[in-house]
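**Student:** Pasting my_file-v6.pdb below, which is PDB, C-alpha atoms, pLDDT in the B column.
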ATOM      1  CA  MET A   1     -24.024  16.479  77.803  1.00 41.00           C
ATOM      2  CA  THR A   2     -21.998  13.410  76.809  1.00 43.00           C
ATOM      3  CA  GLU A   3     -22.336  11.445  73.581  1.00 42.00           C
ATOM      4  CA  GLY A   4     -23.902   8.626  75.588  1.00 44.00           C
ATOM      5  CA  ASP A   5     -26.564  10.968  76.941  1.00 45.00           C
ATOM      6  CA  VAL A   6     -27.405  12.096  73.399  1.00 43.00           C
ATOM      7  CA  ARG A   7     -27.859   8.515  72.226  1.00 49.00           C
ATOM      8  CA  GLN A   8     -30.120   7.653  75.186  1.00 70.00           C
ATOM      9  CA  ARG A   9     -32.654  10.419  74.621  1.00 85.00           C
ATOM     10  CA  PRO A  10     -35.191  10.287  71.773  1.00 91.00           C
ATOM     11  CA  VAL A  11     -34.287  11.809  68.424  1.00 94.00           C
ATOM     12  CA  ARG A  12     -36.293  15.043  68.108  1.00 96.00           C
ATOM     13  CA  LEU A  13     -37.893  15.406  64.679  1.00 96.00           C
ATOM     14  CA  LEU A  14     -39.379  18.284  62.696  1.00 97.00           C
ATOM     15  CA  LEU A  15     -41.656  17.134  59.840  1.00 96.00           C
ATOM     16  CA  VAL A  16     -41.738  19.473  56.833  1.00 96.00           C
ATOM     17  CA  ASP A  17     -44.107  18.858  53.901  1.00 94.00           C
ATOM     18  CA  ASP A  18     -46.715  21.016  52.200  1.00 92.00           C
ATOM     19  CA  GLN A  19     -49.201  18.116  52.109  1.00 91.00           C
ATOM     20  CA  PRO A  20     -50.938  17.599  55.481  1.00 91.00           C
ATOM     21  CA  LEU A  21     -51.929  14.048  54.553  1.00 90.00           C
ATOM     22  CA  LEU A  22     -48.305  13.047  54.021  1.00 88.00           C
ATOM     23  CA  ARG A  23     -47.283  14.630  57.309  1.00 91.00           C
ATOM     24  CA  THR A  24     -50.022  12.608  59.008  1.00 92.00           C
ATOM     25  CA  GLY A  25     -48.680   9.436  57.407  1.00 90.00           C
ATOM     26  CA  PHE A  26     -45.124  10.177  58.541  1.00 90.00           C
ATOM     27  CA  ARG A  27     -46.371  10.976  62.027  1.00 92.00           C
ATOM     28  CA  MET A  28     -48.188   7.632  62.256  1.00 91.00           C
ATOM     29  CA  VAL A  29     -45.141   5.670  61.112  1.00 90.00           C
ATOM     30  CA  LEU A  30     -42.474   7.549  63.047  1.00 92.00           C
ATOM     31  CA  GLY A  31     -44.568   8.196  66.142  1.00 88.00           C
ATOM     32  CA  ALA A  32     -44.674   4.455  66.779  1.00 88.00           C
ATOM     33  CA  GLU A  33     -40.916   4.409  67.394  1.00 90.00           C
ATOM     34  CA  GLU A  34     -39.973   4.848  71.055  1.00 89.00           C
ATOM     35  CA  ASP A  35     -36.690   6.587  70.233  1.00 91.00           C
ATOM     36  CA  LEU A  36     -38.233   9.164  67.877  1.00 94.00           C
ATOM     37  CA  ASP A  37     -40.064  12.260  69.138  1.00 94.00           C
ATOM     38  CA  ILE A  38     -41.923  14.482  66.640  1.00 94.00           C
ATOM     39  CA  VAL A  39     -41.717  17.972  68.133  1.00 95.00           C
ATOM     40  CA  ALA A  40     -43.435  19.972  65.368  1.00 95.00           C
ATOM     41  CA  GLU A  41     -44.661  20.113  61.766  1.00 95.00           C
ATOM     42  CA  ALA A  42     -44.268  22.739  59.048  1.00 95.00           C
ATOM     43  CA  GLY A  43     -45.979  23.224  55.698  1.00 93.00           C
ATOM     44  CA  ASP A  44     -43.320  25.298  53.913  1.00 94.00           C
ATOM     45  CA  GLY A  45     -39.661  26.242  54.052  1.00 94.00           C
ATOM     46  CA  VAL A  46     -40.140  29.567  55.800  1.00 95.00           C
ATOM     47  CA  GLU A  47     -41.996  27.943  58.669  1.00 96.00           C
ATOM     48  CA  ALA A  48     -39.437  25.125  58.744  1.00 96.00           C
ATOM     49  CA  VAL A  49     -36.507  27.507  59.213  1.00 96.00           C
ATOM     50  CA  ASP A  50     -38.351  29.403  61.947  1.00 96.00           C
ATOM     51  CA  LEU A  51     -39.206  26.211  63.846  1.00 96.00           C
ATOM     52  CA  ALA A  52     -35.684  24.852  63.416  1.00 96.00           C
ATOM     53  CA  ARG A  53     -34.280  28.029  64.979  1.00 96.00           C
ATOM     54  CA  ARG A  54     -36.728  28.005  67.890  1.00 95.00           C
ATOM     55  CA  LEU A  55     -36.957  24.272  68.661  1.00 96.00           C
ATOM     56  CA  LEU A  56     -33.519  22.989  67.562  1.00 96.00           C
ATOM     57  CA  PRO A  57     -34.705  19.511  66.537  1.00 96.00           C
ATOM     58  CA  ASP A  58     -32.045  16.870  65.947  1.00 95.00           C
ATOM     59  CA  VAL A  59     -33.306  16.064  62.450  1.00 95.00           C
ATOM     60  CA  VAL A  60     -35.531  17.910  59.987  1.00 96.00           C
ATOM     61  CA  LEU A  61     -37.390  15.618  57.592  1.00 95.00           C
ATOM     62  CA  MET A  62     -37.568  18.033  54.659  1.00 93.00           C
ATOM     63  CA  ASP A  63     -39.705  18.020  51.509  1.00 91.00           C
ATOM     64  CA  ILE A  64     -38.206  19.618  48.384  1.00 87.00           C
ATOM     65  CA  ARG A  65     -40.981  21.345  46.457  1.00 86.00           C
ATOM     66  CA  MET A  66     -42.955  23.650  48.729  1.00 89.00           C
ATOM     67  CA  PRO A  67     -44.520  27.140  48.572  1.00 87.00           C
ATOM     68  CA  ARG A  68     -42.780  30.330  49.790  1.00 88.00           C
ATOM     69  CA  MET A  69     -39.396  28.611  50.232  1.00 91.00           C
ATOM     70  CA  ASP A  70     -38.365  25.236  48.804  1.00 90.00           C
ATOM     71  CA  GLY A  71     -36.461  22.553  50.683  1.00 90.00           C
ATOM     72  CA  VAL A  72     -33.083  23.440  49.191  1.00 89.00           C
ATOM     73  CA  ALA A  73     -33.299  27.083  50.303  1.00 92.00           C
ATOM     74  CA  ALA A  74     -34.613  26.049  53.722  1.00 94.00           C
ATOM     75  CA  THR A  75     -31.779  23.555  54.145  1.00 92.00           C
ATOM     76  CA  ARG A  76     -29.218  26.186  53.186  1.00 91.00           C
ATOM     77  CA  ALA A  77     -30.705  28.648  55.690  1.00 94.00           C
ATOM     78  CA  ILE A  78     -30.564  26.084  58.494  1.00 94.00           C
ATOM     79  CA  VAL A  79     -26.982  25.054  57.691  1.00 90.00           C
ATOM     80  CA  ASP A  80     -25.760  28.634  57.208  1.00 89.00           C
ATOM     81  CA  ALA A  81     -27.196  29.538  60.628  1.00 91.00           C
ATOM     82  CA  ARG A  82     -24.899  26.867  62.099  1.00 89.00           C
ATOM     83  CA  LEU A  83     -27.752  25.308  64.015  1.00 91.00           C
ATOM     84  CA  PRO A  84     -27.100  21.917  65.659  1.00 91.00           C
ATOM     85  CA  VAL A  85     -29.729  20.512  63.296  1.00 94.00           C
ATOM     86  CA  ARG A  86     -29.321  17.981  60.488  1.00 93.00           C
ATOM     87  CA  VAL A  87     -31.554  17.779  57.418  1.00 93.00           C
ATOM     88  CA  LEU A  88     -32.806  14.609  55.737  1.00 92.00           C
ATOM     89  CA  ILE A  89     -34.436  15.313  52.374  1.00 89.00           C
ATOM     90  CA  LEU A  90     -37.503  13.327  51.301  1.00 86.00           C
ATOM     91  CA  THR A  91     -38.915  13.830  47.830  1.00 78.00           C
ATOM     92  CA  THR A  92     -40.990  12.253  45.092  1.00 75.00           C
ATOM     93  CA  PHE A  93     -38.625  13.725  42.524  1.00 61.00           C
ATOM     94  CA  ASP A  94     -35.410  11.726  42.898  1.00 53.00           C
ATOM     95  CA  LEU A  95     -34.248  12.666  39.399  1.00 52.00           C
ATOM     96  CA  ASP A  96     -34.846  16.396  39.470  1.00 53.00           C
ATOM     97  CA  GLU A  97     -32.366  19.236  39.547  1.00 63.00           C
ATOM     98  CA  TYR A  98     -32.797  19.682  43.291  1.00 69.00           C
ATOM     99  CA  VAL A  99     -30.784  16.599  44.299  1.00 71.00           C
ATOM    100  CA  VAL A 100     -27.289  18.054  43.903  1.00 71.00           C
ATOM    101  CA  GLY A 101     -28.515  21.437  45.138  1.00 75.00           C
ATOM    102  CA  ALA A 102     -29.812  19.912  48.356  1.00 76.00           C
ATOM    103  CA  LEU A 103     -26.555  18.079  49.026  1.00 74.00           C
ATOM    104  CA  ARG A 104     -24.504  21.188  48.278  1.00 75.00           C
ATOM    105  CA  ALA A 105     -26.743  23.149  50.642  1.00 80.00           C
ATOM    106  CA  GLY A 106     -25.683  20.837  53.447  1.00 83.00           C
ATOM    107  CA  ALA A 107     -28.350  18.126  53.593  1.00 85.00           C
ATOM    108  CA  SER A 108     -27.173  15.020  55.426  1.00 85.00           C
ATOM    109  CA  GLY A 109     -29.282  12.621  53.409  1.00 82.00           C
ATOM    110  CA  PHE A 110     -31.585  12.196  50.449  1.00 82.00           C
ATOM    111  CA  LEU A 111     -34.364   9.610  50.179  1.00 84.00           C
ATOM    112  CA  ALA A 112     -37.373   9.088  47.934  1.00 81.00           C
ATOM    113  CA  LYS A 113     -40.790   9.269  49.597  1.00 83.00           C
ATOM    114  CA  ASP A 114     -41.555   5.675  48.661  1.00 83.00           C
ATOM    115  CA  VAL A 115     -38.736   4.435  50.905  1.00 84.00           C
ATOM    116  CA  PRO A 116     -39.838   1.513  53.144  1.00 87.00           C
ATOM    117  CA  ALA A 117     -40.781   2.631  56.646  1.00 89.00           C
ATOM    118  CA  GLU A 118     -38.001   0.632  58.295  1.00 89.00           C
ATOM    119  CA  ASP A 119     -35.405   2.205  55.977  1.00 87.00           C
ATOM    120  CA  LEU A 120     -36.698   5.690  56.769  1.00 90.00           C
ATOM    121  CA  VAL A 121     -36.438   5.040  60.506  1.00 92.00           C
ATOM    122  CA  THR A 122     -32.906   3.703  60.088  1.00 89.00           C
ATOM    123  CA  ALA A 123     -31.931   6.721  57.991  1.00 88.00           C
ATOM    124  CA  ILE A 124     -33.224   9.132  60.629  1.00 92.00           C
ATOM    125  CA  ARG A 125     -31.209   7.376  63.330  1.00 90.00           C
ATOM    126  CA  THR A 126     -28.121   7.391  61.100  1.00 85.00           C
ATOM    127  CA  VAL A 127     -28.374  11.104  60.363  1.00 88.00           C
ATOM    128  CA  ALA A 128     -29.049  11.913  64.023  1.00 90.00           C
ATOM    129  CA  ALA A 129     -25.882  10.012  64.943  1.00 85.00           C
ATOM    130  CA  GLY A 130     -23.864  12.341  62.713  1.00 81.00           C
ATOM    131  CA  ASP A 131     -23.538  10.239  59.571  1.00 78.00           C
ATOM    132  CA  ALA A 132     -25.189  10.646  56.183  1.00 76.00           C
ATOM    133  CA  VAL A 133     -27.375   8.569  53.873  1.00 78.00           C
ATOM    134  CA  VAL A 134     -28.352   8.628  50.213  1.00 73.00           C
ATOM    135  CA  ALA A 135     -30.759   6.103  48.715  1.00 69.00           C
ATOM    136  CA  PRO A 136     -28.803   3.703  46.449  1.00 62.00           C
ATOM    137  CA  ARG A 137     -30.839   4.499  43.344  1.00 62.00           C
ATOM    138  CA  ILE A 138     -30.341   8.229  43.897  1.00 65.00           C
ATOM    139  CA  LEU A 139     -26.612   7.786  44.505  1.00 63.00           C
ATOM    140  CA  LYS A 140     -26.281   5.847  41.253  1.00 59.00           C
ATOM    141  CA  ARG A 141     -27.981   8.616  39.310  1.00 62.00           C
ATOM    142  CA  LEU A 142     -25.807  11.210  40.998  1.00 63.00           C
ATOM    143  CA  LEU A 143     -22.701   9.309  39.946  1.00 58.00           C
ATOM    144  CA  ASP A 144     -24.006   8.971  36.403  1.00 59.00           C
ATOM    145  CA  ARG A 145     -24.468  12.741  36.373  1.00 59.00           C
ATOM    146  CA  PHE A 146     -20.943  13.328  37.641  1.00 55.00           C
ATOM    147  CA  ALA A 147     -19.578  10.944  35.001  1.00 51.00           C
ATOM    148  CA  GLN A 148     -20.781  13.316  32.296  1.00 51.00           C
ATOM    149  CA  ALA A 149     -18.902  16.285  33.718  1.00 49.00           C
ATOM    150  CA  LEU A 150     -15.785  14.856  35.322  1.00 46.00           C
ATOM    151  CA  PRO A 151     -12.467  16.644  34.828  1.00 46.00           C
ATOM    152  CA  ASP A 152      -9.669  15.312  32.651  1.00 45.00           C
ATOM    153  CA  PRO A 153      -8.184  12.350  34.563  1.00 44.00           C
ATOM    154  CA  GLU A 154      -4.724  13.747  33.780  1.00 43.00           C
ATOM    155  CA  ALA A 155      -5.595  17.067  35.431  1.00 45.00           C
ATOM    156  CA  THR A 156      -4.087  18.000  38.773  1.00 43.00           C
ATOM    157  CA  LEU A 157      -6.249  17.095  41.750  1.00 49.00           C
ATOM    158  CA  PRO A 158      -7.574  19.961  43.899  1.00 57.00           C
ATOM    159  CA  HIS A 159      -4.965  21.362  46.287  1.00 64.00           C
ATOM    160  CA  ALA A 160      -7.014  20.334  49.344  1.00 69.00           C
ATOM    161  CA  LEU A 161      -6.652  16.653  48.435  1.00 78.00           C
ATOM    162  CA  GLY A 162      -2.901  17.115  48.611  1.00 79.00           C
ATOM    163  CA  THR A 163      -3.183  17.625  52.370  1.00 85.00           C
ATOM    164  CA  LEU A 164      -4.342  14.032  52.824  1.00 88.00           C
ATOM    165  CA  THR A 165      -1.960  11.232  53.675  1.00 90.00           C
ATOM    166  CA  GLU A 166      -1.804   8.257  51.328  1.00 90.00           C
ATOM    167  CA  ARG A 167      -3.936   6.194  53.730  1.00 92.00           C
ATOM    168  CA  GLU A 168      -6.477   9.017  54.168  1.00 92.00           C
ATOM    169  CA  ARG A 169      -6.842   9.311  50.399  1.00 90.00           C
ATOM    170  CA  GLU A 170      -7.278   5.544  50.197  1.00 91.00           C
ATOM    171  CA  VAL A 171     -10.037   5.732  52.809  1.00 91.00           C
ATOM    172  CA  LEU A 172     -11.722   8.590  50.928  1.00 90.00           C
ATOM    173  CA  VAL A 173     -11.797   6.470  47.778  1.00 87.00           C
ATOM    174  CA  GLN A 174     -13.489   3.644  49.670  1.00 87.00           C
ATOM    175  CA  VAL A 175     -16.016   6.044  51.229  1.00 85.00           C
ATOM    176  CA  ALA A 176     -16.809   7.391  47.750  1.00 80.00           C
ATOM    177  CA  ARG A 177     -17.484   3.844  46.575  1.00 77.00           C
ATOM    178  CA  GLY A 178     -20.171   3.520  49.228  1.00 73.00           C
ATOM    179  CA  LEU A 179     -18.392   1.312  51.753  1.00 78.00           C
ATOM    180  CA  SER A 180     -19.183   1.563  55.459  1.00 79.00           C
ATOM    181  CA  ASN A 181     -16.447   1.973  58.076  1.00 83.00           C
ATOM    182  CA  ALA A 182     -16.671  -1.738  58.894  1.00 84.00           C
ATOM    183  CA  GLU A 183     -16.311  -2.709  55.224  1.00 86.00           C
ATOM    184  CA  ILE A 184     -13.349  -0.384  54.735  1.00 90.00           C
ATOM    185  CA  ALA A 185     -11.704  -1.793  57.867  1.00 90.00           C
ATOM    186  CA  ARG A 186     -12.013  -5.321  56.491  1.00 90.00           C
ATOM    187  CA  ALA A 187     -10.685  -4.268  53.083  1.00 89.00           C
ATOM    188  CA  LEU A 188      -7.647  -2.495  54.582  1.00 90.00           C
ATOM    189  CA  THR A 189      -7.128  -5.000  57.408  1.00 90.00           C
ATOM    190  CA  VAL A 190      -7.301  -2.455  60.207  1.00 92.00           C
ATOM    191  CA  SER A 191      -9.745  -1.746  63.033  1.00 92.00           C
ATOM    192  CA  GLU A 192     -13.036   0.039  62.500  1.00 88.00           C
ATOM    193  CA  THR A 193     -11.941   2.624  65.087  1.00 90.00           C
ATOM    194  CA  THR A 194      -8.884   3.404  62.969  1.00 93.00           C
ATOM    195  CA  ILE A 195     -11.050   3.932  59.894  1.00 91.00           C
ATOM    196  CA  LYS A 196     -13.404   6.181  61.851  1.00 90.00           C
ATOM    197  CA  THR A 197     -10.385   8.279  62.854  1.00 92.00           C
ATOM    198  CA  HIS A 198      -9.172   8.482  59.255  1.00 92.00           C
ATOM    199  CA  VAL A 199     -12.637   9.533  58.035  1.00 90.00           C
ATOM    200  CA  GLY A 200     -12.717  12.248  60.694  1.00 90.00           C
ATOM    201  CA  HIS A 201      -9.320  13.546  59.557  1.00 92.00           C
ATOM    202  CA  VAL A 202     -10.447  13.553  55.913  1.00 91.00           C
ATOM    203  CA  LEU A 203     -13.571  15.560  56.692  1.00 89.00           C
ATOM    204  CA  THR A 204     -11.638  18.032  58.833  1.00 88.00           C
ATOM    205  CA  LYS A 205      -8.812  18.580  56.348  1.00 89.00           C
ATOM    206  CA  LEU A 206     -11.201  19.038  53.420  1.00 86.00           C
ATOM    207  CA  GLY A 207     -13.653  21.188  55.380  1.00 84.00           C
ATOM    208  CA  LEU A 208     -16.542  18.803  54.740  1.00 82.00           C
ATOM    209  CA  ARG A 209     -19.664  18.323  56.825  1.00 76.00           C
ATOM    210  CA  ASP A 210     -20.138  14.582  56.336  1.00 77.00           C
ATOM    211  CA  ARG A 211     -19.605  11.530  54.122  1.00 78.00           C
ATOM    212  CA  VAL A 212     -22.088  12.672  51.484  1.00 74.00           C
ATOM    213  CA  GLN A 213     -20.053  15.802  50.777  1.00 76.00           C
ATOM    214  CA  ALA A 214     -16.924  13.633  50.726  1.00 82.00           C
ATOM    215  CA  VAL A 215     -18.479  11.448  48.009  1.00 78.00           C
ATOM    216  CA  VAL A 216     -19.419  14.512  45.953  1.00 75.00           C
ATOM    217  CA  LEU A 217     -15.889  15.938  46.217  1.00 79.00           C
ATOM    218  CA  ALA A 218     -14.244  12.616  45.340  1.00 81.00           C
ATOM    219  CA  TYR A 219     -16.245  12.287  42.132  1.00 74.00           C
ATOM    220  CA  GLU A 220     -16.207  15.954  41.138  1.00 73.00           C
ATOM    221  CA  SER A 221     -12.423  16.064  41.540  1.00 75.00           C
ATOM    222  CA  GLY A 222     -11.907  12.927  39.474  1.00 72.00           C
ATOM    223  CA  LEU A 223     -10.281  11.078  42.386  1.00 76.00           C
ATOM    224  CA  VAL A 224     -12.872   8.359  41.822  1.00 71.00           C
ATOM    225  CA  ARG A 225     -14.663   7.631  38.567  1.00 65.00           C
ATOM    226  CA  PRO A 226     -17.903   5.658  38.151  1.00 56.00           C
ATOM    227  CA  GLY A 227     -17.192   2.066  37.235  1.00 52.00           C
ATOM    228  CA  ALA A 228     -13.558   2.294  38.306  1.00 49.00           C
TER     229      ALA A 228
END
How does this structure look as structure tokens?

**Tutor:**
Amino acid sequence: MTEGDVRQRPVRLLLVDDQPLLRTGFRMVLGAEEDLDIVAEAGDGVEAVDLARRLLPDVVLMDIRMPRMDGVAATRAIVDARLPVRVLILTTFDLDEYVVGALRAGASGFLAKDVPAEDLVTAIRTVAAGDAVVAPRILKRLLDRFAQALPDPEATLPHALGTLTEREREVLVQVARGLSNAEIARALTVSETTIKTHVGHVLTKLGLRDRVQAVVLAYESGLVRPGA
């Protein structure tokens, strides 16, 4: 199947939340989109992992706090199984300890449940296309958290970053600052295709799944510092 074929078919969704009423609300909003297809629902992490294995949805819309298995553990199980499935976390608790855990587990996005419907739809399409999203207010709080535990700026950067070319490191810095490929291309006066290639090389060399993990690494390593 070509990339074009993937884009033409609907994005297959698995809804995971322990509250049936919320799942109904998501189904009403997302079911109205012609390019989104809700293939199943789950009420806890155990059921979510089972359905992800059997149905292979494109995107799992995952709650965090659930019985039997929470969203972080379920995300980790899905990612560790190397399923062609991406996870978008939705939670009421955008300040809790689960945020970093979910991203480390391999989630491709993190949004609060009060996100506007149009932003949720856009996020699902973005994640399905292979990119990642984090709500701005959540990203800011993540960066504030990193700022409290960043390494000494004089310390040596992780060895993996040394494998990057000067331009690739420059692109990583811009990604960590939240710029899109188009914005980075304008800033560096090159084509968007060139930036996309550089981003791909960065992710491959550093063994990262997507841009979200690249942002985490850039801040944890001290390559980028909040406010810089």

**Student:** Residues of region 11-76 of chain A that have any atom at most 12 Å from an atom of region 108-124 of chain A: could you tabulate them with the shortest-distance atom pair and the distance in Å to one decimal, using only C-alpha atoms, ordered by chain and increasing number, as JSON lines?

**Tutor:**
{"residue": "A:Val11", "atom": "CA", "partner": "A:Ile124", "partner_atom": "CA", "distance": 8.3}
{"residue": "A:Arg12", "atom": "CA", "partner": "A:Ile124", "partner_atom": "CA", "distance": 10.0}
{"residue": "A:Leu13", "atom": "CA", "partner": "A:Ile124", "partner_atom": "CA", "distance": 8.8}
{"residue": "A:Leu14", "atom": "CA", "partner": "A:Ile124", "partner_atom": "CA", "distance": 11.2}
{"residue": "A:Leu15", "atom": "CA", "partner": "A:Ile124", "partner_atom": "CA", "distance": 11.7}
{"residue": "A:Asp17", "atom": "CA", "partner": "A:Lys113", "partner_atom": "CA", "distance": 11.0}
{"residue": "A:Leu22", "atom": "CA", "partner": "A:Lys113", "partner_atom": "CA", "distance": 9.5}
{"residue": "A:Arg23", "atom": "CA", "partner": "A:Lys113", "partner_atom": "CA", "distance": 11.4}
{"residue": "A:Gly25", "atom": "CA", "partner": "A:Ala117", "partner_atom": "CA", "distance": 10.5}
{"residue": "A:Phe26", "atom": "CA", "partner": "A:Ala117", "partner_atom": "CA", "distance": 8.9}
{"residue": "A:Arg27", "atom": "CA", "partner": "A:Ala117", "partner_atom": "CA", "distance": 11.4}
{"residue": "A:Met28", "atom": "CA", "partner": "A:Ala117", "partner_atom": "CA", "distance": 10.6}
{"residue": "A:Val29", "atom": "CA", "partner": "A:Ala117", "partner_atom": "CA", "distance": 6.9}
{"residue": "A:Leu30", "atom": "CA", "partner": "A:Val121", "partner_atom": "CA", "distance": 7.0}
{"residue": "A:Gly31", "atom": "CA", "partner": "A:Val121", "partner_atom": "CA", "distance": 10.4}
{"residue": "A:Ala32", "atom": "CA", "partner": "A:Val121", "partner_atom": "CA", "distance": 10.4}
{"residue": "A:Glu33", "atom": "CA", "partner": "A:Val121", "partner_atom": "CA", "distance": 8.2}
{"residue": "A:Glu34", "atom": "CA", "partner": "A:Val121", "partner_atom": "CA", "distance": 11.1}
{"residue": "A:Asp35", "atom": "CA", "partner": "A:Val121", "partner_atom": "CA", "distance": 9.9}
{"residue": "A:Leu36", "atom": "CA", "partner": "A:Val121", "partner_atom": "CA", "distance": 8.6}
{"residue": "A:Asp37", "atom": "CA", "partner": "A:Ile124", "partner_atom": "CA", "distance": 11.4}
{"residue": "A:Ile38", "atom": "CA", "partner": "A:Ile124", "partner_atom": "CA", "distance": 11.9}
{"residue": "A:Asp58", "atom": "CA", "partner": "A:Ile124", "partner_atom": "CA", "distance": 9.5}
{"residue": "A:Val59", "atom": "CA", "partner": "A:Ile124", "partner_atom": "CA", "distance": 7.2}
{"residue": "A:Val60", "atom": "CA", "partner": "A:Ile124", "partner_atom": "CA", "distance": 9.1}
{"residue": "A:Leu61", "atom": "CA", "partner": "A:Ile124", "partner_atom": "CA", "distance": 8.3}
{"residue": "A:Met62", "atom": "CA", "partner": "A:Phe110", "partner_atom": "CA", "distance": 9.4}
{"residue": "A:Asp63", "atom": "CA", "partner": "A:Lys113", "partner_atom": "CA", "distance": 9.0}
{"residue": "A:Ile64", "atom": "CA", "partner": "A:Phe110", "partner_atom": "CA", "distance": 10.2}
{"residue": "A:Gly71", "atom": "CA", "partner": "A:Phe110", "partner_atom": "CA", "distance": 11.4}
{"residue": "A:Val72", "atom": "CA", "partner": "A:Phe110", "partner_atom": "CA", "distance": 11.4}
{"residue": "A:Thr75", "atom": "CA", "partner": "A:Ser108", "partner_atom": "CA", "distance": 9.8}
{"residue": "A:Arg76", "atom": "CA", "partner": "A:Ser108", "partner_atom": "CA", "distance": 11.6}

**Student:** Report the distance between CA of Val134 (chain A) and CA of Thr193 (chain A) in Å, rounded to one decimal place.

**Tutor:**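 Answer for the CA of Val134 (chain A) to CA of Thr193 (chain A) separation: 22.9 Å.
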
**Student:** Please determine, counting all atoms listed in the file, which residue among A:Ile195, A:Ala48, A:Val99, A:Leu179 has the shortest atom-to-atom distance to Arg167 (chain A).

**Tutor:**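 Ranking A:Ile195, A:Ala48, A:Val99, A:Leu179 by distance to Arg167 (chain A), first place goes to A:Ile195.
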
**Student:** CA of Arg53 (chain A) to CA of Lys205 (chain A): how many Å, to one decimal?

**Tutor:**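 Going from CA of Arg53 (chain A) over to CA of Lys205 (chain A) covers 28.5 Å.
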
**Student:** Nearest to Ala182 (chain A) among A:Arg209, A:Val16, A:Ala42, A:Thr194, with distances taken over only C-alpha atoms: which residue is it?

**Tutor:** A:Thr194

**Student:** Between CA of Leu21 (chain A) and CA of Ile78 (chain A), what is the spacing in Å?

**Tutor:** 24.8 Å

**Student:** Could you tell me, as an mmCIF file with C-alpha atoms, keeping the file's coordinate frame, exactly which residues end up selected when the PyMOL selection byres ((chain A and resi 200) around 12) is applied to this structure?

**Tutor:**
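Output file part.cif follows:
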data_model
loop_
_atom_site.group_PDB
_atom_site.id
_atom_site.type_symbol
_atom_site.label_atom_id
_atom_site.label_comp_id
_atom_site.auth_asym_id
_atom_site.auth_seq_id
_atom_site.Cartn_x
_atom_site.Cartn_y
_atom_site.Cartn_z
ATOM 1 C CA GLY A 130 -23.864 12.341 62.713
ATOM 2 C CA ASP A 131 -23.538 10.239 59.571
ATOM 3 C CA LEU A 164 -4.342 14.032 52.824
ATOM 4 C CA GLU A 168 -6.477 9.017 54.168
ATOM 5 C CA VAL A 171 -10.037 5.732 52.809
ATOM 6 C CA LEU A 172 -11.722 8.590 50.928
ATOM 7 C CA VAL A 175 -16.016 6.044 51.229
ATOM 8 C CA ASN A 181 -16.447 1.973 58.076
ATOM 9 C CA THR A 193 -11.941 2.624 65.087
ATOM 10 C CA THR A 194 -8.884 3.404 62.969
ATOM 11 C CA ILE A 195 -11.050 3.932 59.894
ATOM 12 C CA LYS A 196 -13.404 6.181 61.851
ATOM 13 C CA THR A 197 -10.385 8.279 62.854
ATOM 14 C CA HIS A 198 -9.172 8.482 59.255
ATOM 15 C CA VAL A 199 -12.637 9.533 58.035
ATOM 16 C CA HIS A 201 -9.320 13.546 59.557
ATOM 17 C CA VAL A 202 -10.447 13.553 55.913
ATOM 18 C CA LEU A 203 -13.571 15.560 56.692
ATOM 19 C CA THR A 204 -11.638 18.032 58.833
ATOM 20 C CA LYS A 205 -8.812 18.580 56.348
ATOM 21 C CA LEU A 206 -11.201 19.038 53.420
ATOM 22 C CA GLY A 207 -13.653 21.188 55.380
ATOM 23 C CA LEU A 208 -16.542 18.803 54.740
ATOM 24 C CA ARG A 209 -19.664 18.323 56.825
ATOM 25 C CA ASP A 210 -20.138 14.582 56.336
ATOM 26 C CA ARG A 211 -19.605 11.530 54.122
ATOM 27 C CA ALA A 214 -16.924 13.633 50.726
#

**Student:** Pick from A:Ala77, A:Val87, A:Ala128, A:Ala185: nearest to Ala107 (chain A), with all atoms listed in the file counted?

**Tutor:**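 Looking at the shortest contact to Ala107 (chain A), the residue is A:Val87.
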
**Student:** To verify the selection step, state as a compact mmCIF listing (two decimals) with C-alpha atoms, in the frame of the given file which residues the PyMOL selection byres ((chain A and resi 83) around 10) yields on this input.

**Tutor:**
# COMPACT_ATOMS: atom_id res chain seq x y z
CA ALA A 52 -35.68 24.85 63.42
CA ARG A 53 -34.28 28.03 64.98
CA LEU A 56 -33.52 22.99 67.56
CA PRO A 57 -34.70 19.51 66.54
CA ASP A 58 -32.04 16.87 65.95
CA ALA A 77 -30.70 28.65 55.69
CA ILE A 78 -30.56 26.08 58.49
CA VAL A 79 -26.98 25.05 57.69
CA ASP A 80 -25.76 28.63 57.21
CA ALA A 81 -27.20 29.54 60.63
CA ARG A 82 -24.90 26.87 62.10
CA PRO A 84 -27.10 21.92 65.66
CA VAL A 85 -29.73 20.51 63.30
CA ARG A 86 -29.32 17.98 60.49
